[in-house]
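Undergrad: Coordinates in my_file.tsv, TSV, C-alpha atoms, are listed below.
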```tsv
chain	number	residue	atom	x	y	z
W	1	MET	CA	-15.91	-2.71	6.57
W	2	THR	CA	-16.87	-1.94	2.96
W	3	THR	CA	-16.91	1.03	0.66
W	4	ASP	CA	-20.34	2.08	1.88
W	5	HIS	CA	-18.89	2.66	5.35
W	6	LEU	CA	-16.03	4.79	4.06
W	7	THR	CA	-17.98	7.49	2.30
W	8	HIS	CA	-18.59	10.87	3.89
W	9	ASN	CA	-21.92	11.65	5.52
W	10	GLN	CA	-23.17	13.61	2.53
W	11	PRO	CA	-26.01	13.02	0.02
W	12	LEU	CA	-24.98	10.63	-2.74
W	13	ARG	CA	-24.82	11.97	-6.28
W	14	HIS	CA	-25.09	9.93	-9.47
W	15	VAL	CA	-21.81	10.44	-11.29
W	16	ARG	CA	-19.25	8.48	-13.23
W	17	HIS	CA	-16.53	7.03	-11.04
W	18	ALA	CA	-14.11	6.12	-13.82
W	19	ALA	CA	-11.35	8.36	-12.44
W	20	SER	CA	-11.05	6.38	-9.23
W	21	LYS	CA	-7.53	5.05	-8.65
W	22	VAL	CA	-8.40	2.59	-5.87
W	23	PRO	CA	-10.73	-0.43	-5.72
W	24	GLU	CA	-14.02	-0.58	-3.89
W	25	VAL	CA	-13.52	-2.01	-0.40
W	26	THR	CA	-15.24	-5.39	-0.40
W	27	VAL	CA	-14.49	-8.76	1.16
W	28	TYR	CA	-12.30	-9.45	-1.90
W	29	PHE	CA	-10.22	-6.37	-1.09
W	30	TRP	CA	-9.41	-7.67	2.39
W	31	ILE	CA	-8.71	-11.22	1.21
W	32	ILE	CA	-6.27	-10.05	-1.46
W	33	LYS	CA	-4.70	-7.55	0.94
W	34	VAL	CA	-3.92	-10.29	3.47
W	35	LEU	CA	-2.60	-12.55	0.71
W	36	THR	CA	-0.27	-9.83	-0.60
W	37	THR	CA	1.12	-9.24	2.88
W	38	GLY	CA	2.01	-12.89	3.38
W	39	MET	CA	3.35	-13.30	-0.13
W	40	GLY	CA	5.47	-10.16	0.25
W	41	GLU	CA	6.94	-11.43	3.51
W	42	THR	CA	8.05	-14.80	2.21
W	43	ALA	CA	9.04	-13.48	-1.23
W	44	SER	CA	11.34	-10.91	0.38
W	45	ASP	CA	13.04	-13.54	2.55
W	46	TRP	CA	13.25	-15.99	-0.35
W	47	LEU	CA	14.86	-13.43	-2.67
W	48	ALA	CA	17.32	-12.41	0.05
W	49	HIS	CA	18.40	-16.03	0.45
W	50	LEU	CA	18.50	-16.64	-3.29
W	51	LEU	CA	20.23	-13.45	-4.48
W	52	GLY	CA	21.73	-11.98	-1.33
W	53	PRO	CA	20.33	-9.03	0.67
W	54	ILE	CA	21.83	-6.19	-1.40
W	55	PRO	CA	20.85	-7.49	-4.87
W	56	ALA	CA	17.41	-8.41	-3.53
W	57	VAL	CA	16.82	-4.90	-2.18
W	58	GLY	CA	18.03	-3.38	-5.45
W	59	LEU	CA	15.78	-5.62	-7.52
W	60	GLY	CA	12.85	-4.94	-5.18
W	61	GLY	CA	13.38	-1.19	-5.44
W	62	ILE	CA	13.46	-1.30	-9.25
W	63	ALA	CA	10.36	-3.48	-9.45
W	64	LEU	CA	8.51	-1.18	-7.03
W	65	SER	CA	9.47	1.90	-9.04
W	66	VAL	CA	8.23	0.32	-12.27
W	67	ALA	CA	4.98	-0.87	-10.68
W	68	LEU	CA	4.23	2.55	-9.18
W	69	ALA	CA	5.12	4.30	-12.44
W	70	ILE	CA	2.56	2.17	-14.27
W	71	GLN	CA	0.00	2.79	-11.51
W	72	PHE	CA	0.49	6.56	-11.66
W	73	THR	CA	0.33	6.54	-15.45
W	74	ALA	CA	-2.99	4.72	-15.49
W	75	ARG	CA	-5.96	7.09	-15.69
W	76	ARG	CA	-8.26	4.92	-13.61
W	77	TYR	CA	-8.22	1.90	-11.35
W	78	VAL	CA	-7.17	-1.30	-13.13
W	79	ALA	CA	-7.13	-4.43	-10.98
W	80	TRP	CA	-3.90	-6.01	-12.15
W	81	ILE	CA	-1.99	-2.70	-12.15
W	82	TYR	CA	-3.14	-1.71	-8.67
W	83	TRP	CA	-2.52	-5.11	-7.06
W	84	THR	CA	0.86	-5.52	-8.75
W	85	ALA	CA	1.87	-2.23	-7.12
W	86	ILE	CA	0.54	-3.46	-3.76
W	87	VAL	CA	2.53	-6.69	-4.07
W	88	MET	CA	5.73	-4.78	-4.82
W	89	VAL	CA	5.08	-2.40	-1.91
W	90	SER	CA	4.67	-5.48	0.27
W	91	VAL	CA	7.96	-7.00	-0.89
W	92	PHE	CA	9.91	-3.75	-0.62
W	93	GLY	CA	8.24	-2.73	2.64
W	94	THR	CA	9.42	-6.01	4.15
W	95	MET	CA	12.91	-5.37	2.85
W	96	ALA	CA	12.95	-1.85	4.32
W	97	ALA	CA	12.06	-3.15	7.78
W	98	ASP	CA	14.53	-6.03	7.49
W	99	VAL	CA	17.36	-3.75	6.37
W	100	LEU	CA	16.97	-1.65	9.51
W	101	HIS	CA	17.04	-4.73	11.72
W	102	VAL	CA	19.46	-7.10	9.98
W	103	GLY	CA	21.63	-4.64	8.07
W	104	LEU	CA	21.82	-1.78	10.56
W	105	GLY	CA	21.15	-3.68	13.77
W	106	VAL	CA	18.13	-1.59	14.77
W	107	PRO	CA	15.94	-3.63	17.17
W	108	TYR	CA	12.26	-4.09	16.39
W	109	THR	CA	11.45	-2.26	19.62
W	110	LEU	CA	12.85	0.87	17.94
W	111	SER	CA	11.93	0.28	14.29
W	112	THR	CA	8.26	-0.35	15.13
W	113	PRO	CA	7.69	3.07	16.79
W	114	PHE	CA	9.89	4.66	14.11
W	115	PHE	CA	7.65	3.43	11.29
W	116	MET	CA	4.62	4.35	13.39
W	117	ALA	CA	5.93	7.91	13.57
W	118	VAL	CA	6.58	7.90	9.80
W	119	LEU	CA	3.00	6.78	9.13
W	120	ALA	CA	1.62	9.41	11.52
W	121	ALA	CA	3.66	12.08	9.72
W	122	VAL	CA	2.32	10.97	6.34
W	123	PHE	CA	-1.25	11.08	7.63
W	124	ALA	CA	-0.71	14.50	9.21
W	125	LEU	CA	0.72	15.97	6.00
W	126	TRP	CA	-2.00	14.34	3.92
W	127	TYR	CA	-4.80	15.68	6.11
W	128	ARG	CA	-3.24	19.13	6.39
W	129	SER	CA	-3.01	19.35	2.61
W	130	GLU	CA	-6.28	17.69	1.58
W	131	ARG	CA	-8.49	17.81	4.70
W	132	THR	CA	-9.39	14.15	4.24
W	133	LEU	CA	-7.80	10.71	4.50
W	134	SER	CA	-10.65	8.92	2.74
W	135	ILE	CA	-9.53	6.44	0.11
W	136	HIS	CA	-12.47	7.60	-1.99
W	137	SER	CA	-10.81	10.95	-2.48
W	138	ILE	CA	-7.95	9.52	-4.58
W	139	HIS	CA	-8.73	11.42	-7.78
W	140	THR	CA	-5.72	13.77	-8.02
W	141	ARG	CA	-2.00	13.11	-8.40
W	142	ARG	CA	-1.13	14.71	-5.06
W	143	ARG	CA	-3.65	12.61	-3.17
W	144	GLU	CA	-2.38	9.52	-4.94
W	145	VAL	CA	1.16	10.30	-3.81
W	146	PHE	CA	-0.05	10.63	-0.21
W	147	TYR	CA	-2.02	7.40	-0.54
W	148	TRP	CA	0.94	5.34	-1.72
W	149	ALA	CA	3.26	6.91	0.83
W	150	ALA	CA	0.81	5.83	3.52
W	151	VAL	CA	0.52	2.34	2.03
W	152	LEU	CA	4.31	1.91	1.99
W	153	ALA	CA	4.55	3.12	5.60
W	154	THR	CA	1.82	0.71	6.73
W	155	PHE	CA	3.66	-2.24	5.19
W	156	ALA	CA	6.97	-1.31	6.84
W	157	LEU	CA	5.23	-0.74	10.18
W	158	GLY	CA	3.29	-3.98	9.96
W	159	THR	CA	6.43	-5.95	9.11
W	160	ALA	CA	8.33	-4.55	12.08
W	161	ALA	CA	5.38	-5.06	14.44
W	162	GLY	CA	4.85	-8.65	13.31
W	163	ASP	CA	8.54	-9.51	13.69
W	164	LEU	CA	8.52	-7.83	17.11
W	165	THR	CA	5.72	-10.00	18.47
W	166	ALA	CA	7.20	-13.13	16.89
W	167	THR	CA	10.57	-12.56	18.57
W	168	ILE	CA	9.37	-11.69	22.07
W	169	GLY	CA	7.90	-15.10	22.78
W	170	LEU	CA	4.63	-15.35	20.85
W	171	GLY	CA	6.10	-17.03	17.79
W	172	TYR	CA	4.51	-16.86	14.36
W	173	LEU	CA	1.35	-18.81	15.18
W	174	GLY	CA	0.83	-16.86	18.39
W	175	SER	CA	1.33	-13.62	16.49
W	176	ALA	CA	-1.22	-14.70	13.88
W	177	VAL	CA	-3.78	-15.36	16.63
W	178	LEU	CA	-2.99	-12.01	18.26
W	179	PHE	CA	-3.42	-10.01	15.06
W	180	THR	CA	-6.57	-11.95	14.10
W	181	ALA	CA	-8.10	-10.72	17.34
W	182	ALA	CA	-6.63	-7.24	16.90
W	183	ILE	CA	-8.10	-6.72	13.44
W	184	ALA	CA	-11.60	-7.16	14.86
W	185	VAL	CA	-11.10	-4.22	17.23
W	186	PRO	CA	-11.46	-1.35	14.69
W	187	ALA	CA	-14.43	-3.07	13.06
W	188	VAL	CA	-16.21	-3.42	16.39
W	189	ALA	CA	-15.22	0.08	17.49
W	190	HIS	CA	-16.64	1.51	14.29
W	191	ARG	CA	-19.85	-0.52	14.23
W	192	TRP	CA	-20.77	-0.24	17.90
W	193	GLY	CA	-18.48	2.52	19.12
W	194	SER	CA	-17.46	6.00	18.07
W	195	LEU	CA	-14.50	5.24	15.78
W	196	ASN	CA	-15.07	6.89	12.41
W	197	ALA	CA	-14.96	4.88	9.21
W	198	VAL	CA	-11.73	6.30	7.83
W	199	ALA	CA	-9.78	5.69	11.05
W	200	ALA	CA	-11.23	2.18	11.31
W	201	PHE	CA	-10.20	1.42	7.73
W	202	TRP	CA	-6.60	2.52	8.17
W	203	ALA	CA	-6.29	0.72	11.52
W	204	ALA	CA	-7.46	-2.52	9.93
W	205	TYR	CA	-5.24	-1.87	6.91
W	206	VAL	CA	-2.15	-1.67	9.14
W	207	ILE	CA	-3.04	-4.84	11.04
W	208	THR	CA	-3.52	-6.92	7.89
W	209	ARG	CA	0.21	-6.65	7.30
W	210	PRO	CA	1.46	-8.46	10.43
W	211	LEU	CA	-1.51	-10.82	10.24
W	212	GLY	CA	-0.74	-12.06	6.74
W	213	ALA	CA	3.01	-12.06	7.32
W	214	SER	CA	2.68	-14.08	10.55
W	215	VAL	CA	0.54	-16.73	8.86
W	216	ALA	CA	2.88	-17.00	5.86
W	217	ASP	CA	5.97	-17.20	8.09
W	218	TRP	CA	4.31	-19.87	10.23
W	219	MET	CA	3.66	-21.91	7.10
W	220	ALA	CA	7.18	-21.44	5.73
W	221	VAL	CA	9.60	-21.73	8.68
W	222	GLY	CA	10.97	-24.98	10.08
W	223	ARG	CA	9.35	-26.99	12.85
W	224	GLN	CA	12.14	-26.04	15.25
W	225	ARG	CA	10.82	-22.48	14.98
W	226	GLY	CA	7.22	-23.56	15.44
W	227	GLY	CA	6.29	-23.59	11.76
W	228	LEU	CA	4.93	-26.07	9.24
W	229	ASP	CA	8.25	-26.23	7.33
W	230	LEU	CA	6.69	-25.81	3.88
W	231	GLY	CA	9.53	-23.57	2.70
W	232	LEU	CA	9.74	-19.97	1.52
W	233	GLY	CA	9.53	-20.81	-2.19
W	234	PRO	CA	6.43	-23.03	-2.07
W	235	VAL	CA	4.55	-20.64	0.24
W	236	THR	CA	5.43	-17.68	-1.97
W	237	LEU	CA	4.29	-19.55	-5.09
W	238	SER	CA	1.02	-20.79	-3.58
W	239	TRP	CA	0.04	-17.38	-2.22
W	240	THR	CA	0.95	-15.80	-5.58
W	241	VAL	CA	-1.35	-18.24	-7.37
W	242	ALA	CA	-4.15	-17.35	-4.94
W	243	ILE	CA	-3.60	-13.63	-5.56
W	244	LEU	CA	-3.66	-14.15	-9.33
W	245	GLY	CA	-6.90	-16.09	-9.02
W	246	PHE	CA	-8.70	-13.40	-7.01
W	247	VAL	CA	-7.35	-10.50	-9.07
W	248	GLY	CA	-8.27	-12.31	-12.29
W	249	TYR	CA	-11.79	-12.81	-10.98
W	250	LEU	CA	-12.11	-9.12	-10.12
W	251	ALA	CA	-10.72	-8.08	-13.51
W	252	VAL	CA	-13.45	-10.10	-15.21
W	253	SER	CA	-16.36	-9.50	-12.82
W	254	ARG	CA	-15.44	-5.86	-12.05
W	255	LYS	CA	-17.02	-6.25	-8.62
W	256	ASP	CA	-14.38	-3.94	-7.17
W	257	ILE	CA	-15.45	-0.95	-9.29
W	258	ARG	CA	-18.19	1.44	-8.21
W	259	ARG	CA	-19.73	3.51	-10.99
W	260	ASP	CA	-23.08	4.68	-9.68
W	261	VAL	CA	-22.33	6.96	-6.72
W	262	THR	CA	-19.56	8.93	-5.10
W	263	PRO	CA	-19.33	11.05	-1.95
```
Produce structure tokens that represent the structure in this file.
TA:
Amino acid sequence: MTTDHLTHNQPLRHVRHAASKVPEVTVYFWIIKVLTTGMGETASDWLAHLLGPIPAVGLGGIALSVALAIQFTARRYVAWIYWTAIVMVSVFGTMAADVLHVGLGVPYTLSTPFFMAVLAAVFALWYRSERTLSIHSIHTRRREVFYWAAVLATFALGTAAGDLTATIGLGYLGSAVLFTAAIAVPAVAHRWGSLNAVAAFWAAYVITRPLGASVADWMAVGRQRGGLDLGLGPVTLSWTVAILGFVGYLAVSRKDIRRDVTP
């Protein structure tokens, strides 16, 4: 599912696209998105163990605020700014879901539908205000606020959903297999069914969160929990290096920027 599938069914016009605040949806977008989800999962747990839950949440909240402030200040999409914000949303979104479960004792069977309702509310308000949920409409401050609210909700929902499946018997590897199969559903439904491109994109976007988190957790946790026992720190570091590599490539190649057409 690429940018070409997410545009409206209208004639294309040759215009500058410099004001865009989001990247073009390519295979690199999905690779980095999955990497950020896994890195955010293990980084959140690692910081909680290293600093304690409360300091970790505070630090995560500050870092997220700074990253989003820089993103909102930027006048156009810049790879390192955008993906830094996504990483911090991933880390803080994990913390938000974990706080409900660990700190407040809310079971995943309740937090998962709760975050689903939050995401639905964000989408409803966004569509009511702007009449579109297309990521290629992110050219105003209000739409950007809706976009990042939706992104934060998807990360919290995905974290809760992934932890739910992992704790009801599937384990982390089983959850990874489940979500690998699940992420193909919106793509197939869009290509050969009647699911529209925008709905397919957001469905896949939500599923990338538990997919990446399940894989990263499986790599990090001990063998007694069905994992590879690589450790939270090493997994976080290795996935961070991979993210830096892909983002650096995009910053140089600019393959995630569309300048010729817009819907």
Undergrad: Quick one: pull the distance between CA of Trp30 in chain W and CA of Phe201 in chain W, Å, one decimal.
TA: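 Atom-to-atom, CA of Trp30 in chain W and CA of Phe201 in chain W are spaced 10.6 Å apart.
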Undergrad: Find the spatial neighbours of Ala213 in chain W, counting only C-alpha atoms, within a cut-off of 9 Å - ignore same-chain residues fewer than 3 positions away - and output them as number ranges by chain.
TA: W: 34-42, 158-159, 162-163, 172, 176, 208-210, 216-218
Undergrad: Show which residues sit within 6 Å of Ala160 in chain W, as a list in words. Count only C-alpha atoms, and ignore same-chain residues fewer than 5 positions away.
TA: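 The residues that qualify are Ala97, Tyr108 and Thr112 of chain W.
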Undergrad: For the atom pair CA of His139 in chain W and CA of Lys21 in chain W, what is the interatomic distance in Å to one decimal place?
TA: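 About the pair CA of His139 in chain W and CA of Lys21 in chain W: they are 6.5 Å apart.
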Undergrad: Hey, can you check how far CA of Phe123 in chain W sits from CA of Val215 in chain W?
TA: 27.9 Å
